[in-house]
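**Q** Before I ask anything, here is the structure I am working with.
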Amino acid sequence: MYLITVLRNLLIILAVISDPHLYTPMYFFLSILSLADIVFTSTTVPKMLVDIQTHGRAISYAGCLTQISIFVTFGCMDLFLLSVMAYDRFVAICHPLNYPLIRNPRQCVSLVLPSFVNSIFGGQMHSSVLRIPSTGGKYKAFSTCGSHLTSITDPEKDPERLCKLAQKEIPPPNQPTFYLTRSNLLQEILRV
């Protein structure tokens, strides 16, 4: 499933890059979303697959911080990009005659860049909580923003872990595919 997701997202990126008919804002945002989803999925799934095969559960503190930082960064980026895509569709529907003038490549980049910067800031903010040296400081930070942090529990104590992982790992990487099912142009290009 992981390899299919990565290959599908790579195929979307390559199709958008290689065909001039797809040089539109919607496909630009879709290719960025595909790239973000590749990184988002690759943050946790390979480690999880290795842990399942080796029956290991250990992760270093630095590895955990890195994994959480990247996971939160690209999870936030998914949300920001979906918002940008929704705004792009709003402009396309409400201002169809002005859309080519409103949505130029420069403005598309100016919408994606803040999404990326905000995502990096959010990821660093979450991982910085884990770098607090004192137990009391960590407790205070976790009690303040604990609802925003993701935790994975022990599978023997929590039999519903597989469902939780499926909710976290399966939908985000498939978002670009869901968008593409409605795109006749890209489907035609991929068939050729």
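Naming scheme: A, B, ... for chains in displayed order of the structure tokens; residues 1 onward per chain; ligands 1 onward as shown.
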Report as a ChimeraX atom specification all protein, DNA and RNA residues lying within 9 Å of Gly122 in chain A, evaluated on only C-alpha atoms, omitting residues in the same chain fewer than 3 positions from it.

**A** /A:69,72-73,76,117-119,125-127

**Q** Go ahead and write the residues just picked, all heavy atoms, as a compact mmCIF listing (two decimals), in the first residue's frame.

**A**
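Output below, filename out.txt:
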```
# COMPACT_ATOMS: atom_id res chain seq x y z
N SER A 69 8.55 16.20 14.13
CA SER A 69 8.69 17.49 13.45
C SER A 69 8.29 17.39 11.98
O SER A 69 7.51 18.21 11.48
CB SER A 69 10.14 17.97 13.58
OG SER A 69 10.31 19.18 12.90
N VAL A 72 4.39 16.53 11.65
CA VAL A 72 3.52 17.69 11.90
C VAL A 72 3.68 18.73 10.80
O VAL A 72 2.70 19.31 10.33
CB VAL A 72 3.80 18.29 13.29
CG1 VAL A 72 3.09 19.61 13.48
CG2 VAL A 72 3.39 17.32 14.38
N THR A 73 4.93 18.94 10.34
CA THR A 73 5.17 19.92 9.29
C THR A 73 4.38 19.59 8.03
O THR A 73 3.66 20.43 7.48
CB THR A 73 6.67 20.01 8.96
OG1 THR A 73 7.37 20.44 10.12
CG2 THR A 73 6.95 20.96 7.80
N CYS A 76 0.53 19.61 8.54
CA CYS A 76 0.03 20.99 8.45
C CYS A 76 0.05 21.48 7.02
O CYS A 76 -0.88 22.17 6.57
CB CYS A 76 0.87 21.92 9.32
SG CYS A 76 0.67 21.70 11.08
N VAL A 117 6.08 27.74 4.88
CA VAL A 117 6.71 28.42 6.02
C VAL A 117 5.89 28.21 7.30
O VAL A 117 6.45 27.90 8.36
CB VAL A 117 6.91 29.92 5.72
CG1 VAL A 117 7.36 30.68 6.95
CG2 VAL A 117 7.91 30.10 4.59
N ASN A 118 4.58 28.37 7.21
CA ASN A 118 3.73 28.16 8.39
C ASN A 118 3.79 26.72 8.87
O ASN A 118 3.75 26.45 10.07
CB ASN A 118 2.28 28.54 8.09
CG ASN A 118 2.09 30.03 8.03
OD1 ASN A 118 2.82 30.79 8.64
ND2 ASN A 118 1.10 30.46 7.27
N SER A 119 3.88 25.79 7.95
CA SER A 119 3.97 24.38 8.32
C SER A 119 5.28 24.08 9.04
O SER A 119 5.29 23.36 10.03
CB SER A 119 3.86 23.50 7.07
OG SER A 119 2.64 23.72 6.43
N MET A 125 7.48 24.21 16.36
CA MET A 125 6.86 24.56 17.63
C MET A 125 6.45 23.31 18.39
O MET A 125 6.67 23.20 19.60
CB MET A 125 5.64 25.45 17.37
CG MET A 125 5.01 26.00 18.63
SD MET A 125 3.74 27.22 18.28
CE MET A 125 2.61 26.29 17.28
N HIS A 126 5.88 22.34 17.69
CA HIS A 126 5.47 21.10 18.35
C HIS A 126 6.67 20.31 18.86
O HIS A 126 6.65 19.78 19.97
CB HIS A 126 4.65 20.23 17.40
CG HIS A 126 3.23 20.64 17.30
ND1 HIS A 126 2.82 21.69 16.52
CD2 HIS A 126 2.12 20.17 17.90
CE1 HIS A 126 1.52 21.84 16.63
NE2 HIS A 126 1.06 20.93 17.46
N SER A 127 7.73 20.22 18.05
CA SER A 127 8.88 19.43 18.50
C SER A 127 9.68 20.16 19.57
O SER A 127 10.36 19.52 20.37
CB SER A 127 9.77 19.06 17.31
OG SER A 127 10.34 20.21 16.75
```

**Q** Can you pull out every residue within 8 Å of range 24-26 of chain A, counting only C-alpha atoms, but drop anything in the same chain fewer than 6 positions away, and send it as a PyMOL selection string?

**A** chain A and resi 85+88-89+103-105+108

**Q** Between CA of Thr41 in chain A and CA of Leu111 in chain A, what is the distance, to one decimal in Å?

**A** 23.0 Å

**Q** Pick the closest to Leu49 in chain A from A:Tyr99, A:Gly137, A:Met1, A:Gly123: which is it, counting only C-alpha atoms?

**A** A:Met1

**Q** Just how far from CA of Tyr23 in chain A is CA of Leu11 in chain A, in Å to one decimal?

**A**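 Rounded to one decimal, the two atoms are 15.4 Å apart.
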